[in-house]
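Structure below is entry_18.cif: mmCIF, C-alpha atoms and all ligand atoms.
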```cif
data_final
#
loop_
_atom_site.label_atom_id
_atom_site.label_comp_id
_atom_site.auth_asym_id
_atom_site.auth_seq_id
_atom_site.Cartn_x
_atom_site.Cartn_y
_atom_site.Cartn_z
CA MET Z 1 0.00 0.00 0.00
CA LYS Z 2 2.78 2.37 0.94
CA ASN Z 3 4.59 1.77 -2.38
CA LEU Z 4 1.44 2.54 -4.31
CA VAL Z 5 0.95 5.72 -2.35
CA THR Z 6 4.58 6.65 -3.00
CA CYS Z 7 4.09 6.08 -6.74
CA ILE Z 8 1.04 8.32 -6.73
CA VAL Z 9 2.90 10.97 -4.79
CA ILE Z 10 5.73 10.91 -7.31
CA LEU Z 11 3.26 10.99 -10.19
CA ILE Z 12 1.28 13.90 -8.94
CA SER Z 13 3.51 15.91 -6.65
CA ALA Z 14 4.95 19.27 -7.58
CA GLN Z 15 8.01 21.10 -6.39
CA LEU Z 16 7.66 23.90 -3.92
CA THR Z 17 8.50 27.27 -5.23
CA ASP Z 18 6.91 30.53 -4.40
CA GLU Z 19 5.59 33.42 -6.27
CA PHE Z 20 3.33 35.94 -4.69
CA SER Z 21 2.11 39.38 -5.34
CA PRO Z 22 1.48 41.46 -2.20
CA ALA Z 23 -1.90 42.58 -1.47
CA THR Z 24 -5.79 47.95 5.74
CA ILE Z 25 -8.97 46.83 7.00
CA ILE Z 26 -11.39 44.81 4.86
CA LYS Z 27 -13.57 47.23 2.98
CA ASN Z 28 -16.64 46.29 1.06
CA THR Z 29 -15.09 48.18 -1.84
CA ILE Z 30 -12.07 45.93 -2.30
CA SER Z 31 -11.69 43.97 -5.48
CA PRO Z 32 -11.64 40.56 -3.91
CA ALA Z 33 -9.57 37.60 -4.92
CA GLY Z 34 -11.42 35.30 -7.28
CA ASN Z 35 -10.89 32.09 -5.35
CA ILE Z 36 -10.52 30.87 -1.80
CA PHE Z 37 -9.06 27.68 -0.31
CA ILE Z 38 -9.91 26.89 3.32
CA ILE Z 39 -7.65 24.29 4.92
CA THR Z 40 -8.03 22.91 8.45
CA LEU Z 41 -5.63 20.84 10.58
CA ASP Z 42 -7.84 19.07 13.10
CA GLY Z 43 -6.90 19.74 16.73
CA PHE Z 44 -3.49 21.23 15.96
CA ARG Z 45 -2.37 23.53 18.79
CA TRP Z 46 -1.28 27.17 18.51
CA GLN Z 47 1.67 26.21 20.72
CA GLU Z 48 3.27 24.15 17.93
CA VAL Z 49 2.33 26.68 15.23
CA PHE Z 50 4.18 29.50 17.01
CA THR Z 51 6.85 27.76 19.07
CA GLY Z 52 7.38 24.44 17.25
CA ALA Z 53 8.00 21.18 19.07
CA ASP Z 54 7.37 21.25 22.83
CA SER Z 55 10.54 20.57 24.86
CA ALA Z 56 8.86 18.34 27.44
CA LEU Z 57 6.80 16.31 24.96
CA ILE Z 58 9.59 15.72 22.44
CA SER Z 59 11.87 14.52 25.27
CA ASP Z 60 9.28 12.20 26.82
CA GLU Z 61 9.76 8.64 25.57
CA GLU Z 62 6.13 7.86 26.49
CA TYR Z 63 4.90 10.30 23.85
CA THR Z 64 7.95 10.41 21.58
CA PRO Z 65 9.59 7.04 20.95
CA ASP Z 66 13.05 7.59 19.43
CA ALA Z 67 13.22 11.13 20.70
CA ALA Z 68 16.75 11.43 19.30
CA THR Z 69 15.60 11.22 15.68
CA MET Z 70 12.66 13.55 16.25
CA LYS Z 71 14.94 16.10 17.89
CA MET Z 72 17.33 15.98 14.95
CA LEU Z 73 14.39 16.70 12.67
CA TYR Z 74 12.42 19.25 14.68
CA TRP Z 75 14.45 20.57 17.60
CA SER Z 76 16.21 23.92 17.86
CA PRO Z 77 17.00 25.86 21.05
CA ASP Z 78 14.89 28.84 19.92
CA ALA Z 79 11.18 28.90 19.12
CA GLU Z 80 11.69 30.54 15.73
CA GLY Z 81 14.08 27.82 14.65
CA ARG Z 82 11.77 25.07 15.88
CA ARG Z 83 8.64 26.38 14.18
CA LYS Z 84 10.48 26.81 10.90
CA LYS Z 85 11.72 23.23 11.01
CA LEU Z 86 8.24 21.91 11.72
CA LEU Z 87 6.25 24.17 9.38
CA PRO Z 88 8.49 25.61 6.66
CA PHE Z 89 5.64 26.82 4.44
CA PHE Z 90 3.95 28.59 7.35
CA TRP Z 91 7.11 30.40 8.37
CA ASN Z 92 9.04 30.89 5.12
CA ILE Z 93 6.07 31.88 2.98
CA ILE Z 94 3.07 32.91 5.12
CA GLY Z 95 5.43 34.35 7.76
CA THR Z 96 6.79 36.84 5.23
CA ARG Z 97 3.91 37.32 2.78
CA GLY Z 98 0.79 36.52 4.76
CA GLN Z 99 -0.49 36.88 8.32
CA LEU Z 100 -0.53 34.55 11.32
CA TYR Z 101 -2.88 35.15 14.27
CA GLY Z 102 -3.06 33.42 17.63
CA ASN Z 103 0.32 33.76 19.35
CA ARG Z 104 -0.86 34.20 22.93
CA HIS Z 105 2.66 35.15 24.03
CA TYR Z 106 1.79 38.53 22.45
CA ASP Z 107 -1.84 38.45 23.64
CA ASN Z 108 -2.90 37.86 20.07
CA LYS Z 109 -5.78 35.44 20.60
CA VAL Z 110 -8.05 33.32 18.49
CA ASN Z 111 -10.62 31.16 20.28
CA THR Z 112 -13.60 28.98 19.64
CA TYR Z 113 -16.74 30.79 20.79
CA ASN Z 114 -18.53 27.50 21.39
CA PHE Z 115 -17.65 26.02 24.76
CA TYR Z 116 -17.60 22.38 23.72
CA SER Z 117 -14.15 22.53 22.05
CA ILE Z 118 -14.72 19.37 20.02
CA SER Z 119 -14.80 18.94 16.26
CA TYR Z 120 -18.42 19.07 15.05
CA PRO Z 121 -19.24 22.22 17.07
CA GLY Z 122 -15.93 23.73 15.89
CA TYR Z 123 -16.51 23.15 12.20
CA ASN Z 124 -20.13 24.21 12.63
CA GLU Z 125 -18.87 27.52 14.06
CA ILE Z 126 -16.28 28.02 11.29
CA PHE Z 127 -18.70 27.44 8.44
CA THR Z 128 -22.04 28.74 9.76
CA GLY Z 129 -20.67 31.89 11.40
CA ASN Z 130 -22.23 31.22 14.78
CA THR Z 131 -22.49 28.74 17.61
CA ASP Z 132 -25.43 26.48 18.31
CA VAL Z 133 -25.86 25.02 21.81
CA THR Z 134 -27.74 22.08 20.33
CA VAL Z 135 -24.70 21.20 18.19
CA SER Z 136 -22.83 19.62 21.09
CA SER Z 137 -21.52 16.23 19.97
CA ASN Z 138 -19.69 14.55 17.10
CA ASN Z 139 -22.70 12.37 16.30
CA LYS Z 140 -23.70 11.97 12.66
CA ASN Z 141 -26.71 14.29 12.78
CA PRO Z 142 -27.48 16.46 9.75
CA ASN Z 143 -26.66 20.07 10.59
CA PRO Z 144 -29.76 22.31 10.53
CA ASN Z 145 -27.65 25.46 10.13
CA MET Z 146 -26.72 26.88 6.74
CA ASN Z 147 -23.00 27.04 6.00
CA VAL Z 148 -21.08 29.55 3.91
CA LEU Z 149 -20.08 26.92 1.34
CA GLU Z 150 -23.68 26.05 0.46
CA TYR Z 151 -24.53 29.77 0.55
CA LEU Z 152 -21.81 30.56 -1.97
CA ASN Z 153 -22.94 27.65 -4.13
CA THR Z 154 -26.35 29.37 -4.49
CA LYS Z 155 -24.65 32.43 -5.98
CA LYS Z 156 -24.39 32.53 -9.76
CA ALA Z 157 -20.65 33.30 -9.71
CA PHE Z 158 -19.89 30.26 -7.53
CA SER Z 159 -22.59 27.79 -8.49
CA GLY Z 160 -21.02 24.39 -9.22
CA LYS Z 161 -17.62 25.81 -8.28
CA VAL Z 162 -17.59 24.86 -4.60
CA ALA Z 163 -15.93 21.62 -3.50
CA ALA Z 164 -14.84 20.04 -0.21
CA PHE Z 165 -12.52 17.14 0.60
CA THR Z 166 -12.18 15.84 4.13
CA SER Z 167 -10.42 13.02 5.92
CA TRP Z 168 -13.08 12.72 8.65
CA ASP Z 169 -16.27 10.98 7.63
CA VAL Z 170 -18.60 13.19 9.71
CA PHE Z 171 -18.40 16.15 7.32
CA PRO Z 172 -21.31 15.00 5.11
CA TYR Z 173 -23.41 15.70 8.25
CA ILE Z 174 -21.61 18.83 9.45
CA LEU Z 175 -21.87 20.41 6.02
CA ASN Z 176 -25.22 18.72 5.32
CA LYS Z 177 -24.28 17.10 2.03
CA ASN Z 178 -27.89 16.27 1.11
CA ARG Z 179 -28.89 19.92 1.33
CA GLY Z 180 -25.58 21.56 0.36
CA GLY Z 181 -25.54 20.80 -3.34
CA PHE Z 182 -21.78 21.03 -3.78
CA ASP Z 183 -19.21 18.27 -4.32
CA LEU Z 184 -18.10 16.81 -0.99
CA ASN Z 185 -15.74 13.83 -0.70
CA SER Z 186 -15.19 12.49 2.83
CA GLY Z 187 -13.65 9.50 4.58
CA TYR Z 188 -12.90 6.48 2.41
CA SER Z 189 -15.51 7.28 -0.22
CA ASN Z 190 -14.23 7.22 -3.78
CA MET Z 191 -14.42 10.17 -6.12
CA ASP Z 192 -16.13 9.06 -9.30
CA ASP Z 193 -14.15 10.10 -12.31
CA LYS Z 194 -13.67 7.08 -14.58
CA ASP Z 195 -11.81 9.07 -17.23
CA ASN Z 196 -9.17 10.25 -14.78
CA THR Z 197 -6.29 7.79 -14.43
CA GLU Z 198 -4.82 9.38 -11.30
CA GLN Z 199 -8.19 9.37 -9.52
CA THR Z 200 -8.71 5.73 -10.52
CA TRP Z 201 -5.39 4.89 -8.84
CA ILE Z 202 -6.32 6.85 -5.72
CA ASN Z 203 -9.63 4.97 -5.56
CA LYS Z 204 -7.79 1.65 -5.86
CA VAL Z 205 -5.50 2.56 -2.96
CA GLN Z 206 -8.55 3.53 -0.90
CA ASP Z 207 -10.28 0.25 -1.71
CA MET Z 208 -7.15 -1.68 -0.64
CA THR Z 209 -6.78 0.15 2.65
CA GLU Z 210 -7.39 -2.20 5.55
CA ASN Z 211 -8.92 -1.13 8.83
CA LYS Z 212 -10.62 1.94 7.42
CA ALA Z 213 -11.03 4.34 10.31
CA ALA Z 214 -13.36 7.33 10.60
CA THR Z 215 -10.47 9.51 9.48
CA ARG Z 216 -8.98 8.69 6.07
CA HIS Z 217 -5.26 9.15 5.54
CA ASP Z 218 -4.72 12.86 4.87
CA LEU Z 219 -2.54 12.04 1.89
CA LEU Z 220 -5.50 10.41 0.12
CA THR Z 221 -7.69 13.41 0.91
CA PHE Z 222 -5.02 15.72 -0.42
CA LEU Z 223 -4.39 13.77 -3.63
CA THR Z 224 -8.13 13.54 -4.34
CA ALA Z 225 -8.50 17.29 -3.79
CA LYS Z 226 -5.50 18.16 -5.90
CA GLU Z 227 -6.65 16.05 -8.83
CA TYR Z 228 -10.17 17.54 -8.66
CA ILE Z 229 -8.72 21.05 -8.51
CA ARG Z 230 -6.46 20.41 -11.47
CA ILE Z 231 -9.33 19.16 -13.62
CA ASN Z 232 -12.29 21.26 -12.44
CA GLN Z 233 -10.76 24.48 -11.11
CA PRO Z 234 -13.34 25.18 -8.39
CA ARG Z 235 -13.42 28.73 -6.96
CA VAL Z 236 -14.13 27.72 -3.37
CA VAL Z 237 -12.28 24.73 -1.91
CA PHE Z 238 -12.33 23.26 1.59
CA ILE Z 239 -9.73 20.65 2.56
CA GLY Z 240 -10.19 19.19 6.03
CA LEU Z 241 -7.13 17.26 7.23
CA GLY Z 242 -7.57 15.07 10.31
CA GLU Z 243 -4.50 13.03 11.22
CA THR Z 244 -2.96 15.52 13.67
CA ASP Z 245 -5.94 14.97 16.00
CA VAL Z 246 -5.78 11.19 15.59
CA ALA Z 247 -2.06 11.09 16.47
CA ALA Z 248 -2.66 13.27 19.54
CA HIS Z 249 -5.49 11.06 20.83
CA ASP Z 250 -3.14 8.11 20.34
CA ALA Z 251 -0.66 9.94 22.63
CA ARG Z 252 1.97 9.89 19.86
CA TYR Z 253 3.70 13.27 19.86
CA ASP Z 254 6.19 12.03 17.24
CA LEU Z 255 3.37 11.23 14.79
CA TYR Z 256 1.55 14.45 15.69
CA LEU Z 257 4.65 16.38 14.60
CA GLU Z 258 5.06 14.28 11.47
CA LYS Z 259 1.43 14.77 10.44
CA ALA Z 260 1.74 18.53 10.95
CA ALA Z 261 4.92 18.61 8.86
CA GLU Z 262 3.15 16.59 6.14
CA ALA Z 263 0.21 19.00 6.18
CA ASP Z 264 2.61 21.93 5.78
CA ARG Z 265 4.16 20.21 2.78
CA MET Z 266 0.75 19.53 1.22
CA ILE Z 267 -0.26 23.16 1.65
CA ALA Z 268 3.03 24.20 0.04
CA GLN Z 269 2.30 21.97 -2.96
CA LEU Z 270 -1.22 23.37 -3.26
CA TRP Z 271 0.11 26.92 -3.14
CA HIS Z 272 2.61 26.08 -5.85
CA LEU Z 273 -0.15 24.50 -7.97
CA VAL Z 274 -2.26 27.64 -7.52
CA GLN Z 275 0.59 29.98 -8.35
CA THR Z 276 1.38 28.11 -11.57
CA THR Z 277 -2.22 27.81 -12.80
CA PRO Z 278 -3.78 30.63 -14.84
CA GLY Z 279 -6.99 31.84 -13.18
CA TYR Z 280 -5.69 30.85 -9.75
CA LYS Z 281 -2.33 32.62 -9.92
CA ASP Z 282 -2.28 35.81 -7.81
CA ASN Z 283 -6.06 35.42 -7.54
CA THR Z 284 -6.47 32.91 -4.70
CA THR Z 285 -6.52 33.32 -0.92
CA PHE Z 286 -5.64 30.52 1.52
CA ILE Z 287 -7.20 30.51 5.00
CA ILE Z 288 -5.69 27.90 7.29
CA THR Z 289 -6.99 27.15 10.78
CA THR Z 290 -8.09 24.47 13.22
CA ASP Z 291 -11.38 23.39 14.79
CA HIS Z 292 -10.18 23.44 18.42
CA GLY Z 293 -7.10 23.52 20.61
CA ARG Z 294 -6.13 20.85 23.10
CA GLY Z 295 -4.76 20.52 26.63
CA LYS Z 296 -1.85 22.80 27.35
CA LYS Z 297 -0.04 20.56 29.82
CA THR Z 298 2.25 17.57 29.38
CA GLY Z 299 -0.47 15.37 30.84
CA SER Z 300 -3.42 16.91 28.98
CA TRP Z 301 -2.22 17.65 25.43
CA THR Z 302 -3.62 14.36 24.07
CA ASP Z 303 -7.21 15.42 24.69
CA HIS Z 304 -9.56 18.38 24.36
CA GLY Z 305 -13.03 19.39 25.41
CA MET Z 306 -15.07 21.64 27.67
CA PHE Z 307 -13.15 20.75 30.85
CA ILE Z 308 -9.63 20.60 29.43
CA LYS Z 309 -7.83 23.91 29.77
CA GLY Z 310 -6.48 25.26 26.47
CA SER Z 311 -9.02 23.49 24.25
CA SER Z 312 -10.69 26.69 23.04
CA GLN Z 313 -7.39 28.28 21.98
CA THR Z 314 -6.90 28.26 18.22
CA TRP Z 315 -5.00 30.13 15.49
CA LEU Z 316 -5.40 31.42 11.98
CA ALA Z 317 -3.06 31.83 8.98
CA VAL Z 318 -3.97 33.68 5.80
CA ILE Z 319 -2.18 34.45 2.55
CA GLY Z 320 -3.43 35.82 -0.75
CA PRO Z 321 -3.22 38.61 -3.30
CA THR Z 322 -5.19 41.13 -1.21
CA ILE Z 323 -3.65 40.13 2.12
CA LYS Z 324 -1.09 42.66 3.28
CA PRO Z 325 2.17 40.97 4.30
CA GLY Z 326 2.22 41.18 8.09
CA GLY Z 327 3.80 37.91 9.21
CA GLU Z 328 3.25 37.04 12.83
CA ILE Z 329 0.71 39.49 14.27
CA LYS Z 330 1.90 40.74 17.67
CA GLU Z 331 -0.96 43.11 18.58
CA ASP Z 332 -3.23 42.54 21.56
CA GLN Z 333 -6.35 41.25 19.75
CA GLN Z 334 -9.16 38.77 20.29
CA PHE Z 335 -10.86 36.99 17.41
CA TYR Z 336 -13.27 34.09 17.32
CA GLN Z 337 -13.77 31.12 15.07
CA LYS Z 338 -17.35 32.22 14.32
CA GLN Z 339 -15.95 35.24 12.44
CA LEU Z 340 -14.43 33.03 9.74
CA ALA Z 341 -17.59 32.36 7.71
CA GLN Z 342 -18.16 36.06 7.00
CA THR Z 343 -14.40 36.52 6.47
CA ILE Z 344 -14.51 33.84 3.77
CA ALA Z 345 -17.47 35.55 2.07
CA THR Z 346 -15.90 39.02 2.37
CA LEU Z 347 -12.65 37.87 0.79
CA LEU Z 348 -14.74 36.78 -2.21
CA GLY Z 349 -16.68 40.05 -2.33
CA GLU Z 350 -19.87 38.45 -0.98
CA LYS Z 351 -21.97 38.91 2.15
CA PHE Z 352 -23.03 35.74 3.92
CA VAL Z 353 -26.65 35.89 4.98
CA SER Z 354 -28.24 33.06 6.94
CA GLN Z 355 -31.35 32.38 9.09
CA GLN Z 356 -28.95 32.59 12.04
CA SER Z 357 -27.11 35.79 12.82
CA VAL Z 358 -23.59 35.70 11.35
CA ALA Z 359 -20.59 37.12 13.23
CA ALA Z 360 -18.67 39.97 11.57
CA SER Z 361 -15.53 39.39 9.49
CA ILE Z 362 -12.12 39.46 11.08
CA PRO Z 363 -10.60 42.86 10.16
CA LEU Z 364 -7.63 41.42 8.29
CA ALA Z 365 -5.16 43.94 6.93
CA VAL Z 366 -5.83 43.90 3.19
CA GLU Z 367 -5.22 45.96 0.12
CA SER Z 368 -7.34 46.35 -2.94
CA LEU Z 369 -6.32 44.36 -5.97
CA SER Z 370 -7.15 47.36 -8.13
CA GLU Z 371 -4.76 49.49 -6.05
CA LEU Z 372 -2.03 46.99 -6.85
CA ARG Z 373 -2.51 47.10 -10.59
ZN ZN Z 401 -10.19 15.12 18.81
#
```
When written as structure tokens, how does the structure in this file appear?
Amino acid sequence: MKNLVTCIVILISAQLTDEFSPATIIKNTISPAGNIFIITLDGFRWQEVFTGADSALISDEEYTPDAATMKMLYWSPDAEGRRKKLLPFFWNIIGTRGQLYGNRHYDNKVNTYNFYSISYPGYNEIFTGNTDVTVSSNNKNPNPNMNVLEYLNTKKAFSGKVAAFTSWDVFPYILNKNRGGFDLNSGYSNMDDKDNTEQTWINKVQDMTENKAATRHDLLTFLTAKEYIRINQPRVVFIGLGETDVAAHDARYDLYLEKAAEADRMIAQLWHLVQTTPGYKDNTTFIITTDHGRGKKTGSWTDHGMFIKGSSQTWLAVIGPTIKPGGEIKEDQQFYQKQLAQTIATLLGEKFVSQQSVAASIPLAVESLSELR
């Protein structure tokens, strides 16, 4: 199975290069970017985003077998060195040309507004622009609340151009696939495209995977998304990666770091694909975030939830043609996950309207595309 995956990776993967055209407060008058990609890393902590590998956890053989190798890969005495080793795309590219929010060492805070701090309520908040006390579990119940993806899909400019790919198999409920009307591929479900050789291979690998868990391998989610993007060029894309959370629940800090590093590499490849594709190039914004934090202590990092301190603490990274390069934001600010839905719409020049009230956009520092030309 691994060899087949490797073959597919070699077949499809692209080299990382970067090309970016720079893009103060979001105004309704901006000429928005034409496309948006939303990428989530399930349960990935702000601590690792901003300070890299944790010294106690990477030294603890209970959580990090073969700590020596992991330290050679991810350790550096200073936080800036560590985070760059773990997440090179975040810190070499977004860190210079985009914006990163959530470093609590500077009182820059992003939090879930819902108090459950588990996945379904988190994704519900991100995509519907509000919290819902009745959305309190990860059970496979169809979400009654409208999400910004299905809203955009009702707009002429985006109709049929919205697509989502997720590792976790609960998303067809969270995003209400039956009602949503956009392409959504989750868990180990195959993407039907008989004429596409690469997708046929990906489907075969999925079919051969033993012990299919609720969370598909992120690599398969990524390859499926990338192939769909290459062929169909959707304007709104959501990619939900899940293996960071799985590794953490398994109390494997080594794998948690590896999965984060893999996600960084996938995002780098996607950015490169975008920046070498006419229509996407200099016309696409990436928003990268997580659905919840997790425990902040050596004994609590594996889990998250209402009673585990640190679980509501999240982060946000954004890069795109209208996003003003700001790197790590060090201002005392407080933003919430529920502000993302309207932020997504605003970055596309739309206003998200739902039966529920929708929280206001995050006032990202942006510039008008027309001002740049
Ligand atoms: Zn979890």
*asked:* Distance limit 7 Å, reference ligand ZN 401 (chain Z), atoms considered: only C-alpha atoms and all ligand atoms. Which residues make the cut? Give them as a ChimeraX atom specification.
replied: /Z:43,118-119,245-246,249,303-304
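Distances to Arg97 in chain Z were evaluated for Z:Leu255, Z:Ile319, Z:Leu241, Z:Val170 using all atoms listed in the file, and the minimum falls at Z:Ile319.
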*Using all atoms listed in the file, pick whichever of Z:Gln355, Z:Ala214, Z:Arg294, Z:Thr131 has the shortest atom-to-atom distance to Lys309 in chain Z.*
Z:Arg294
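Among the candidate residues Z:Leu73, Z:Ile287, Z:Val236, Z:Leu364, the one lying nearest to Ser159 in chain Z is Z:Val236, with distances computed using all atoms listed in the file.
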_Spatial neighbours of Gly279 in chain Z, 10 Å, only C-alpha atoms, chain gap at least 2 places, as a PyMOL selection string_ = chain Z and resi 34-35+233+235+274-277+281-284
*Please provide the set of residues having any atom within 9 Å of Trp315 in chain Z, restricted to only C-alpha atoms, with same-chain residues fewer than 6 positions apart removed, written as JSON, numbers by chain.*
{"Z": [45, 46, 49, 100, 101, 102, 103, 109, 110, 111, 288, 289, 290, 292, 293, 337]}
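Using all atoms listed in the file, the nearest neighbour of Gln356 in chain Z within the list Z:Phe44, Z:Phe158, Z:Ala163, Z:Met146 is Z:Met146.
With all atoms listed in the file as the basis for measurement, Z:Leu57 is the residue among Z:Leu87, Z:Ala67, Z:Ile329, Z:Leu57 that approaches Thr302 in chain Z most closely.
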Leu175 in chain Z environment, 10 Å, all atoms listed in the file, sequence neighbours closer than 3 positions dropped, as a PDB file with C-alpha atoms, keeping the file's coordinate frame:
```
ATOM      1  CA  TYR Z 120     -18.420  19.070  15.050  1.00  0.00           C
ATOM      2  CA  TYR Z 123     -16.510  23.150  12.200  1.00  0.00           C
ATOM      3  CA  ASN Z 124     -20.130  24.210  12.630  1.00  0.00           C
ATOM      4  CA  PHE Z 127     -18.700  27.440   8.440  1.00  0.00           C
ATOM      5  CA  THR Z 128     -22.040  28.740   9.760  1.00  0.00           C
ATOM      6  CA  PRO Z 142     -27.480  16.460   9.750  1.00  0.00           C
ATOM      7  CA  ASN Z 143     -26.660  20.070  10.590  1.00  0.00           C
ATOM      8  CA  PRO Z 144     -29.760  22.310  10.530  1.00  0.00           C
ATOM      9  CA  ASN Z 145     -27.650  25.460  10.130  1.00  0.00           C
ATOM     10  CA  MET Z 146     -26.720  26.880   6.740  1.00  0.00           C
ATOM     11  CA  ASN Z 147     -23.000  27.040   6.000  1.00  0.00           C
ATOM     12  CA  VAL Z 148     -21.080  29.550   3.910  1.00  0.00           C
ATOM     13  CA  LEU Z 149     -20.080  26.920   1.340  1.00  0.00           C
ATOM     14  CA  GLU Z 150     -23.680  26.050   0.460  1.00  0.00           C
ATOM     15  CA  ALA Z 164     -14.840  20.040  -0.210  1.00  0.00           C
ATOM     16  CA  VAL Z 170     -18.600  13.190   9.710  1.00  0.00           C
ATOM     17  CA  PHE Z 171     -18.400  16.150   7.320  1.00  0.00           C
ATOM     18  CA  PRO Z 172     -21.310  15.000   5.110  1.00  0.00           C
ATOM     19  CA  ASN Z 178     -27.890  16.270   1.110  1.00  0.00           C
ATOM     20  CA  ARG Z 179     -28.890  19.920   1.330  1.00  0.00           C
ATOM     21  CA  GLY Z 180     -25.580  21.560   0.360  1.00  0.00           C
ATOM     22  CA  PHE Z 182     -21.780  21.030  -3.780  1.00  0.00           C
ATOM     23  CA  LEU Z 184     -18.100  16.810  -0.990  1.00  0.00           C
TER      24      LEU Z 184
END
```
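Closest approach to Gln269 in chain Z among Z:Trp201, Z:Phe165, Z:Phe222, Z:Tyr116: Z:Phe222, based on only C-alpha atoms.
Pairwise distance (CA of Glu125 in chain Z, CA of Ser354 in chain Z) equals 13.0 Å.
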Adding 6 Å on each side of the box along x, y and z that holds all listed atoms of range 326-337 of chain Z, could you give its centre and edge lengths in Å to one decimal, as JSON?
```
{"center_x": -5.0, "center_y": 37.1, "center_z": 14.8, "size_x": 29.6, "size_y": 24.0, "size_z": 25.5}
```
_Spatial sel., origin (8.8, 25.2, 19.1), limit 8 Å, all atoms listed in the file, listed as a PyMOL selection string_ = chain Z and resi 47-55+75-76+78-83
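Our summary of the geometry notes that CA of Lys212 in chain Z is positioned 10.5 Å from CA of Ser189 in chain Z.
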*asked:* What does the structure give for the distance between CA of Phe352 in chain Z and CA of Ile38 in chain Z, in Å to one decimal?
replied: 15.8 Å
